[in-house]
file query-v4.cif (mmCIF, N, CA and C atoms)
data_protein
loop_
_atom_site.label_atom_id
_atom_site.label_comp_id
_atom_site.auth_asym_id
_atom_site.auth_seq_id
_atom_site.Cartn_x
_atom_site.Cartn_y
_atom_site.Cartn_z
N GLY Z 648 10.57 5.08 32.95
CA GLY Z 648 9.45 5.26 32.04
C GLY Z 648 8.27 4.38 32.43
N THR Z 649 7.27 4.39 31.57
CA THR Z 649 6.04 3.62 31.78
C THR Z 649 6.35 2.14 31.97
N ASP Z 650 7.25 1.61 31.15
CA ASP Z 650 7.57 0.19 31.23
C ASP Z 650 8.16 -0.18 32.59
N ASP Z 651 9.06 0.65 33.08
CA ASP Z 651 9.69 0.38 34.38
C ASP Z 651 8.64 0.33 35.49
N VAL Z 652 7.73 1.30 35.47
CA VAL Z 652 6.68 1.37 36.49
C VAL Z 652 5.81 0.11 36.39
N TYR Z 653 5.42 -0.24 35.18
CA TYR Z 653 4.58 -1.43 34.99
C TYR Z 653 5.29 -2.69 35.48
N LEU Z 654 6.53 -2.86 35.08
CA LEU Z 654 7.28 -4.05 35.48
C LEU Z 654 7.44 -4.12 36.99
N ASP Z 655 7.72 -2.99 37.61
CA ASP Z 655 7.86 -2.97 39.06
C ASP Z 655 6.55 -3.38 39.75
N GLN Z 656 5.42 -2.98 39.15
CA GLN Z 656 4.12 -3.31 39.74
C GLN Z 656 3.81 -4.80 39.67
N LEU Z 657 4.46 -5.52 38.76
CA LEU Z 657 4.23 -6.96 38.66
C LEU Z 657 4.71 -7.69 39.92
N GLY Z 658 5.66 -7.07 40.60
CA GLY Z 658 6.20 -7.70 41.81
C GLY Z 658 7.14 -8.85 41.50
N LEU Z 659 7.66 -8.88 40.29
CA LEU Z 659 8.60 -9.93 39.88
C LEU Z 659 9.96 -9.30 39.61
N ARG Z 660 11.02 -10.08 39.81
CA ARG Z 660 12.35 -9.56 39.48
C ARG Z 660 12.49 -9.51 37.96
N TRP Z 661 12.99 -8.39 37.45
CA TRP Z 661 13.20 -8.27 36.01
C TRP Z 661 14.53 -7.57 35.76
N GLU Z 662 15.06 -7.80 34.58
CA GLU Z 662 16.34 -7.17 34.21
C GLU Z 662 16.42 -7.12 32.70
N THR Z 663 17.28 -6.25 32.21
CA THR Z 663 17.57 -6.25 30.78
C THR Z 663 19.02 -6.68 30.60
N VAL Z 664 19.25 -7.48 29.59
CA VAL Z 664 20.60 -7.94 29.28
C VAL Z 664 20.86 -7.76 27.79
N ASN Z 665 22.10 -7.51 27.46
CA ASN Z 665 22.49 -7.43 26.06
C ASN Z 665 23.32 -8.67 25.74
N ASP Z 666 22.98 -9.31 24.62
CA ASP Z 666 23.69 -10.51 24.22
C ASP Z 666 23.76 -10.54 22.70
N ALA Z 667 24.96 -10.57 22.18
CA ALA Z 667 25.17 -10.65 20.73
C ALA Z 667 24.37 -9.59 19.97
N GLY Z 668 24.38 -8.39 20.51
CA GLY Z 668 23.73 -7.28 19.82
C GLY Z 668 22.23 -7.23 19.98
N ARG Z 669 21.64 -8.13 20.77
CA ARG Z 669 20.21 -8.08 21.01
C ARG Z 669 19.97 -7.70 22.46
N ARG Z 670 18.91 -6.93 22.67
CA ARG Z 670 18.55 -6.49 24.03
C ARG Z 670 17.34 -7.31 24.47
N TRP Z 671 17.52 -7.98 25.59
CA TRP Z 671 16.48 -8.86 26.11
C TRP Z 671 15.94 -8.33 27.43
N LEU Z 672 14.63 -8.43 27.59
CA LEU Z 672 14.00 -8.20 28.89
C LEU Z 672 13.73 -9.57 29.48
N LEU Z 673 14.27 -9.82 30.66
CA LEU Z 673 14.05 -11.09 31.36
C LEU Z 673 13.16 -10.83 32.57
N ILE Z 674 12.07 -11.59 32.66
CA ILE Z 674 11.17 -11.49 33.80
C ILE Z 674 11.22 -12.83 34.52
N HIS Z 675 11.72 -12.79 35.75
CA HIS Z 675 11.95 -14.02 36.52
C HIS Z 675 10.66 -14.50 37.18
N GLN Z 676 10.50 -15.83 37.25
CA GLN Z 676 9.37 -16.45 37.95
C GLN Z 676 8.03 -15.94 37.41
N TYR Z 677 7.96 -15.80 36.07
CA TYR Z 677 6.72 -15.31 35.46
C TYR Z 677 5.64 -16.38 35.62
N PRO Z 678 4.46 -16.02 36.15
CA PRO Z 678 3.44 -17.04 36.41
C PRO Z 678 2.83 -17.60 35.13
N VAL Z 679 2.62 -18.90 35.13
CA VAL Z 679 2.06 -19.62 33.99
C VAL Z 679 0.75 -20.24 34.45
N PRO Z 680 -0.31 -20.20 33.62
CA PRO Z 680 -1.58 -20.77 34.07
C PRO Z 680 -1.51 -22.29 34.31
N ALA Z 681 -2.41 -22.78 35.13
CA ALA Z 681 -2.49 -24.22 35.38
C ALA Z 681 -2.74 -24.93 34.05
N GLY Z 682 -2.17 -26.13 33.92
CA GLY Z 682 -2.31 -26.87 32.67
C GLY Z 682 -0.99 -27.03 31.96
N TYR Z 683 0.05 -26.34 32.49
CA TYR Z 683 1.40 -26.46 31.94
C TYR Z 683 2.27 -27.30 32.87
N SER Z 684 3.42 -27.68 32.32
CA SER Z 684 4.37 -28.50 33.07
C SER Z 684 5.03 -27.71 34.20
N ALA Z 685 5.02 -26.41 34.12
CA ALA Z 685 5.62 -25.56 35.15
C ALA Z 685 4.60 -24.49 35.53
N ARG Z 686 4.69 -23.98 36.74
CA ARG Z 686 3.80 -22.89 37.16
C ARG Z 686 4.46 -21.53 36.99
N ARG Z 687 5.79 -21.54 36.83
CA ARG Z 687 6.51 -20.28 36.59
C ARG Z 687 7.61 -20.53 35.59
N THR Z 688 7.98 -19.48 34.88
CA THR Z 688 9.04 -19.62 33.89
C THR Z 688 9.87 -18.34 33.87
N LEU Z 689 11.07 -18.43 33.33
CA LEU Z 689 11.86 -17.23 33.06
C LEU Z 689 11.44 -16.78 31.67
N LEU Z 690 10.77 -15.65 31.61
CA LEU Z 690 10.22 -15.13 30.35
C LEU Z 690 11.20 -14.13 29.75
N ALA Z 691 11.45 -14.27 28.45
CA ALA Z 691 12.36 -13.34 27.77
C ALA Z 691 11.65 -12.69 26.58
N LEU Z 692 11.81 -11.38 26.46
CA LEU Z 692 11.29 -10.64 25.32
C LEU Z 692 12.47 -9.98 24.61
N ASP Z 693 12.48 -10.11 23.29
CA ASP Z 693 13.51 -9.51 22.45
C ASP Z 693 13.07 -8.08 22.13
N VAL Z 694 13.72 -7.10 22.77
CA VAL Z 694 13.31 -5.70 22.62
C VAL Z 694 14.17 -5.05 21.54
N PRO Z 695 13.57 -4.70 20.40
CA PRO Z 695 14.39 -4.15 19.30
C PRO Z 695 15.02 -2.81 19.66
N PRO Z 696 16.16 -2.50 19.03
CA PRO Z 696 16.87 -1.25 19.36
C PRO Z 696 15.99 -0.01 19.19
N SER Z 697 15.07 -0.03 18.23
CA SER Z 697 14.25 1.16 17.98
C SER Z 697 12.91 1.12 18.72
N TYR Z 698 12.75 0.16 19.65
CA TYR Z 698 11.54 0.13 20.48
C TYR Z 698 11.38 1.46 21.19
N PRO Z 699 10.19 2.05 21.30
CA PRO Z 699 8.90 1.48 20.95
C PRO Z 699 8.45 1.71 19.51
N ALA Z 700 9.28 2.37 18.68
CA ALA Z 700 8.88 2.55 17.28
C ALA Z 700 8.73 1.18 16.61
N ALA Z 701 9.64 0.26 16.94
CA ALA Z 701 9.56 -1.10 16.41
C ALA Z 701 8.89 -2.00 17.44
N GLN Z 702 8.13 -2.97 16.95
CA GLN Z 702 7.37 -3.81 17.87
C GLN Z 702 8.21 -4.90 18.52
N ILE Z 703 7.75 -5.31 19.70
CA ILE Z 703 8.25 -6.52 20.33
C ILE Z 703 7.46 -7.67 19.70
N ASP Z 704 8.15 -8.75 19.36
CA ASP Z 704 7.49 -9.86 18.69
C ASP Z 704 7.85 -11.15 19.41
N MET Z 705 6.91 -12.10 19.45
CA MET Z 705 7.17 -13.41 20.03
C MET Z 705 7.49 -13.33 21.52
N PHE Z 706 7.83 -14.47 22.11
CA PHE Z 706 8.34 -14.51 23.48
C PHE Z 706 9.06 -15.84 23.67
N TYR Z 707 9.90 -15.88 24.69
CA TYR Z 707 10.79 -17.02 24.92
C TYR Z 707 10.69 -17.44 26.38
N THR Z 708 10.82 -18.75 26.62
CA THR Z 708 10.73 -19.24 27.99
C THR Z 708 11.87 -20.21 28.32
N ASN Z 709 12.21 -20.24 29.60
CA ASN Z 709 13.12 -21.24 30.15
C ASN Z 709 12.59 -21.58 31.54
N PRO Z 710 12.26 -22.84 31.84
CA PRO Z 710 12.39 -23.97 30.92
C PRO Z 710 11.32 -23.90 29.83
N PRO Z 711 11.47 -24.73 28.76
CA PRO Z 711 10.43 -24.78 27.74
C PRO Z 711 9.11 -25.19 28.41
N LEU Z 712 8.02 -24.58 27.97
CA LEU Z 712 6.73 -24.92 28.54
C LEU Z 712 6.08 -26.04 27.74
N ALA Z 713 5.61 -27.04 28.45
CA ALA Z 713 4.87 -28.14 27.82
C ALA Z 713 3.50 -28.20 28.47
N LEU Z 714 2.53 -28.74 27.74
CA LEU Z 714 1.21 -28.93 28.31
C LEU Z 714 1.20 -30.18 29.17
N ALA Z 715 0.54 -30.09 30.31
CA ALA Z 715 0.44 -31.24 31.21
C ALA Z 715 -0.26 -32.40 30.50
N SER Z 716 -1.12 -32.09 29.54
CA SER Z 716 -1.86 -33.12 28.81
C SER Z 716 -0.96 -33.92 27.87
N GLY Z 717 0.23 -33.35 27.58
CA GLY Z 717 1.15 -34.02 26.67
C GLY Z 717 0.96 -33.61 25.21
N ARG Z 718 -0.11 -32.85 24.92
CA ARG Z 718 -0.32 -32.39 23.54
C ARG Z 718 0.79 -31.41 23.16
N ALA Z 719 1.31 -31.55 21.95
CA ALA Z 719 2.37 -30.65 21.49
C ALA Z 719 1.80 -29.25 21.25
N ILE Z 720 2.61 -28.25 21.48
CA ILE Z 720 2.22 -26.86 21.22
C ILE Z 720 2.91 -26.44 19.93
N GLU Z 721 2.13 -26.04 18.95
CA GLU Z 721 2.71 -25.69 17.66
C GLU Z 721 3.51 -24.40 17.71
N CYS Z 722 4.54 -24.36 16.88
CA CYS Z 722 5.33 -23.13 16.67
C CYS Z 722 5.94 -22.59 17.96
N THR Z 723 6.50 -23.52 18.76
CA THR Z 723 7.15 -23.08 20.00
C THR Z 723 8.56 -23.65 20.08
N HIS Z 724 9.19 -23.85 18.94
CA HIS Z 724 10.48 -24.54 18.96
C HIS Z 724 11.62 -23.71 18.39
N ILE Z 725 11.52 -22.39 18.57
CA ILE Z 725 12.60 -21.53 18.10
C ILE Z 725 13.63 -21.42 19.22
N ALA Z 726 14.82 -21.89 18.95
CA ALA Z 726 15.85 -21.89 19.98
C ALA Z 726 16.53 -20.52 20.04
N ALA Z 727 16.80 -20.07 21.25
CA ALA Z 727 17.58 -18.85 21.45
C ALA Z 727 18.49 -19.08 22.64
N SER Z 728 19.70 -18.55 22.56
CA SER Z 728 20.61 -18.61 23.69
C SER Z 728 20.81 -17.19 24.18
N ILE Z 729 20.48 -16.97 25.46
CA ILE Z 729 20.61 -15.64 26.05
C ILE Z 729 21.55 -15.79 27.24
N VAL Z 730 22.65 -15.07 27.18
CA VAL Z 730 23.72 -15.18 28.18
C VAL Z 730 23.99 -16.64 28.57
N GLY Z 731 24.06 -17.49 27.56
CA GLY Z 731 24.42 -18.88 27.77
C GLY Z 731 23.29 -19.78 28.24
N VAL Z 732 22.10 -19.23 28.38
CA VAL Z 732 20.95 -20.03 28.81
C VAL Z 732 20.07 -20.33 27.60
N ALA Z 733 19.64 -21.59 27.48
CA ALA Z 733 18.80 -21.99 26.35
C ALA Z 733 17.35 -21.60 26.59
N PHE Z 734 16.77 -20.92 25.62
CA PHE Z 734 15.36 -20.54 25.69
C PHE Z 734 14.61 -21.14 24.51
N ASN Z 735 13.32 -21.27 24.71
CA ASN Z 735 12.42 -21.81 23.71
C ASN Z 735 11.50 -20.69 23.26
N GLY Z 736 11.52 -20.35 21.97
CA GLY Z 736 10.71 -19.25 21.48
C GLY Z 736 9.35 -19.69 20.98
N TRP Z 737 8.33 -18.90 21.31
CA TRP Z 737 6.98 -19.09 20.80
C TRP Z 737 6.78 -18.14 19.63
N SER Z 738 6.50 -18.70 18.48
CA SER Z 738 6.26 -17.88 17.30
C SER Z 738 4.81 -17.39 17.33
N ARG Z 739 4.60 -16.29 18.01
CA ARG Z 739 3.27 -15.69 18.10
C ARG Z 739 3.39 -14.25 17.65
N HIS Z 740 2.52 -13.86 16.73
CA HIS Z 740 2.64 -12.53 16.13
C HIS Z 740 1.30 -11.81 16.13
N ARG Z 741 1.37 -10.50 16.09
CA ARG Z 741 0.15 -9.70 16.00
C ARG Z 741 -0.49 -9.93 14.64
N GLY Z 742 -1.80 -10.03 14.63
CA GLY Z 742 -2.50 -10.16 13.35
C GLY Z 742 -2.71 -8.81 12.71
N PRO Z 743 -3.18 -8.83 11.45
CA PRO Z 743 -3.46 -7.57 10.75
C PRO Z 743 -4.48 -6.71 11.50
N GLY Z 744 -5.31 -7.36 12.31
CA GLY Z 744 -6.33 -6.62 13.05
C GLY Z 744 -5.79 -5.88 14.26
N SER Z 745 -4.57 -6.18 14.68
CA SER Z 745 -4.02 -5.48 15.86
C SER Z 745 -2.55 -5.14 15.65
N PRO Z 746 -2.28 -4.27 14.66
CA PRO Z 746 -0.89 -3.90 14.40
C PRO Z 746 -0.30 -3.13 15.59
N TRP Z 747 1.01 -3.21 15.71
CA TRP Z 747 1.72 -2.48 16.76
C TRP Z 747 1.53 -0.99 16.57
N ASN Z 748 1.18 -0.29 17.64
CA ASN Z 748 1.03 1.16 17.60
C ASN Z 748 1.93 1.74 18.68
N PRO Z 749 3.04 2.38 18.26
CA PRO Z 749 4.01 2.90 19.24
C PRO Z 749 3.40 3.88 20.24
N ALA Z 750 2.27 4.49 19.89
CA ALA Z 750 1.66 5.46 20.80
C ALA Z 750 0.99 4.77 21.99
N VAL Z 751 0.55 3.53 21.81
CA VAL Z 751 -0.18 2.87 22.90
C VAL Z 751 0.43 1.52 23.30
N ASP Z 752 1.19 0.90 22.41
CA ASP Z 752 1.72 -0.42 22.72
C ASP Z 752 3.06 -0.32 23.44
N ASN Z 753 3.26 -1.26 24.36
CA ASN Z 753 4.46 -1.26 25.18
C ASN Z 753 4.62 -2.64 25.80
N ILE Z 754 5.46 -2.74 26.83
CA ILE Z 754 5.68 -4.03 27.49
C ILE Z 754 4.36 -4.60 28.01
N SER Z 755 3.52 -3.76 28.60
CA SER Z 755 2.29 -4.29 29.20
C SER Z 755 1.35 -4.85 28.15
N THR Z 756 1.23 -4.19 27.00
CA THR Z 756 0.31 -4.73 25.97
C THR Z 756 0.91 -5.98 25.34
N HIS Z 757 2.24 -6.07 25.28
CA HIS Z 757 2.83 -7.30 24.74
C HIS Z 757 2.64 -8.45 25.72
N LEU Z 758 2.77 -8.18 27.01
CA LEU Z 758 2.55 -9.25 27.99
C LEU Z 758 1.10 -9.72 27.99
N ALA Z 759 0.17 -8.83 27.65
CA ALA Z 759 -1.23 -9.26 27.51
C ALA Z 759 -1.34 -10.28 26.38
N LEU Z 760 -0.58 -10.08 25.29
CA LEU Z 760 -0.58 -11.05 24.19
C LEU Z 760 0.06 -12.36 24.62
N VAL Z 761 1.12 -12.27 25.42
CA VAL Z 761 1.76 -13.48 25.95
C VAL Z 761 0.75 -14.28 26.77
N GLU Z 762 0.04 -13.56 27.65
CA GLU Z 762 -0.94 -14.24 28.50
C GLU Z 762 -2.05 -14.87 27.66
N ASP Z 763 -2.50 -14.17 26.61
CA ASP Z 763 -3.52 -14.73 25.72
C ASP Z 763 -3.02 -16.00 25.04
N ALA Z 764 -1.78 -15.97 24.59
CA ALA Z 764 -1.20 -17.14 23.91
C ALA Z 764 -1.11 -18.32 24.85
N LEU Z 765 -0.69 -18.07 26.09
CA LEU Z 765 -0.59 -19.15 27.09
C LEU Z 765 -1.97 -19.71 27.41
N ALA Z 766 -2.96 -18.83 27.57
CA ALA Z 766 -4.32 -19.26 27.91
C ALA Z 766 -4.95 -20.05 26.75
N LYS Z 767 -4.66 -19.62 25.53
CA LYS Z 767 -5.27 -20.25 24.36
C LYS Z 767 -4.90 -21.73 24.28
N GLU Z 768 -3.66 -22.06 24.61
CA GLU Z 768 -3.20 -23.44 24.49
C GLU Z 768 -3.88 -24.38 25.49
N ILE Z 769 -4.37 -23.82 26.59
CA ILE Z 769 -5.05 -24.68 27.56
C ILE Z 769 -6.56 -24.49 27.49
N GLY Z 770 -7.00 -23.81 26.43
CA GLY Z 770 -8.42 -23.71 26.18
C GLY Z 770 -9.18 -22.74 27.05
N GLU Z 771 -8.47 -21.74 27.59
CA GLU Z 771 -9.17 -20.73 28.41
C GLU Z 771 -9.69 -19.60 27.54
#

call {"tool": "encode", "arguments": {"input": "query-v4.cif", "output": "structure tokens"}}
result
Amino acid sequence: GTDDVYLDQLGLRWETVNDAGRRWLLIHQYPVPAGYSARRTLLALDVPPSYPAAQIDMFYTNPPLALASGRAIECTHIAASIVGVAFNGWSRHRGPGSPWNPAVDNISTHLALVEDALAKEIGE
């Protein structure tokens, strides 16, 4: 589908795993903007069973991302264990101005939100 084509175009290794009844999309070596403690992370998205009718929400990283400046990042301390690996969840949600629309929203539009959230913390 569209998501597979998009993910393949990223040029990153990706996989889906099922753990405790949840389906996760893992994107390996996901690039992180300068200003963080790491330049790449293992990015995880919790893909609901009824996706794309149901929205993807939040995102998770391993290792946890910290700002190089040392400033704490709010709402990034939701713990998740995926196939035995500890992830750190970022509580980032769509606002009322941009509700999920199954006709147009997908992995690529959610990753755009992830990128916006990462950029926002470093003031880009």

call {"tool": "residues_around", "arguments": {"input": "query-v4.cif", "residues": "Z:Val694", "least_positions_apart": "2", "cutoff": "8 Å", "atoms": "only N, CA and C atoms", "output": "number ranges by chain"}}
result
Z: 669-672, 691-692, 696-698, 701-704

call {"tool": "atom_distance", "arguments": {"input": "query-v4.cif", "atom1": "atom CA of Z:Ala685", "atom2": "atom CA of Z:Leu758"}}
result
18.1 Å

call {"tool": "resolve_selection", "arguments": {"input": "query-v4.cif", "expression": "the PyMOL selection byres ((chain Z and resi 710) around 6.5)", "output": "JSON, numbers by chain"}}
result
{"Z": [687, 688, 689, 708, 709, 711, 712, 735]}

call {"tool": "axis_aligned_box", "arguments": {"input": "query-v4.cif", "around": "stretch 657-663 of chain Z", "padding_each_side": "3 Å", "output": "JSON"}}
result
{"center_x": 11.6, "center_y": -7.8, "center_z": 36.2, "size_x": 20.8, "size_y": 10.6, "size_z": 17.2}

call {"tool": "residues_around", "arguments": {"input": "query-v4.cif", "residues": "stretch 746-757 of chain Z", "least_positions_apart": "6", "cutoff": "6 Å", "atoms": "all atoms listed in the file", "output": "PyMOL selection string"}}
result
chain Z and resi 650+699-700+702

call {"tool": "residues_around", "arguments": {"input": "query-v4.cif", "residues": "Z:Gly682", "least_positions_apart": "5", "cutoff": "6 Å", "atoms": "all atoms listed in the file", "output": "PyMOL selection string"}}
result
chain Z and resi 713-716

call {"tool": "write_last_selection", "arguments": {"input": "query-v4.cif", "atoms": "N, CA and C atoms", "output": "mmCIF file, in the frame of the given file"}}
result
data_model
loop_
_atom_site.group_PDB
_atom_site.id
_atom_site.type_symbol
_atom_site.label_atom_id
_atom_site.label_comp_id
_atom_site.auth_asym_id
_atom_site.auth_seq_id
_atom_site.Cartn_x
_atom_site.Cartn_y
_atom_site.Cartn_z
ATOM 1 N N ALA Z 713 5.610 -27.040 28.450
ATOM 2 C CA ALA Z 713 4.870 -28.140 27.820
ATOM 3 C C ALA Z 713 3.500 -28.200 28.470
ATOM 4 N N LEU Z 714 2.530 -28.740 27.740
ATOM 5 C CA LEU Z 714 1.210 -28.930 28.310
ATOM 6 C C LEU Z 714 1.200 -30.180 29.170
ATOM 7 N N ALA Z 715 0.540 -30.090 30.310
ATOM 8 C CA ALA Z 715 0.440 -31.240 31.210
ATOM 9 C C ALA Z 715 -0.260 -32.400 30.500
ATOM 10 N N SER Z 716 -1.120 -32.090 29.540
ATOM 11 C CA SER Z 716 -1.860 -33.120 28.810
ATOM 12 C C SER Z 716 -0.960 -33.920 27.870
#

call {"tool": "atom_distance", "arguments": {"input": "query-v4.cif", "atom1": "atom C of Z:Tyr683", "atom2": "atom CA of Z:Ile769"}}
result
9.4 Å
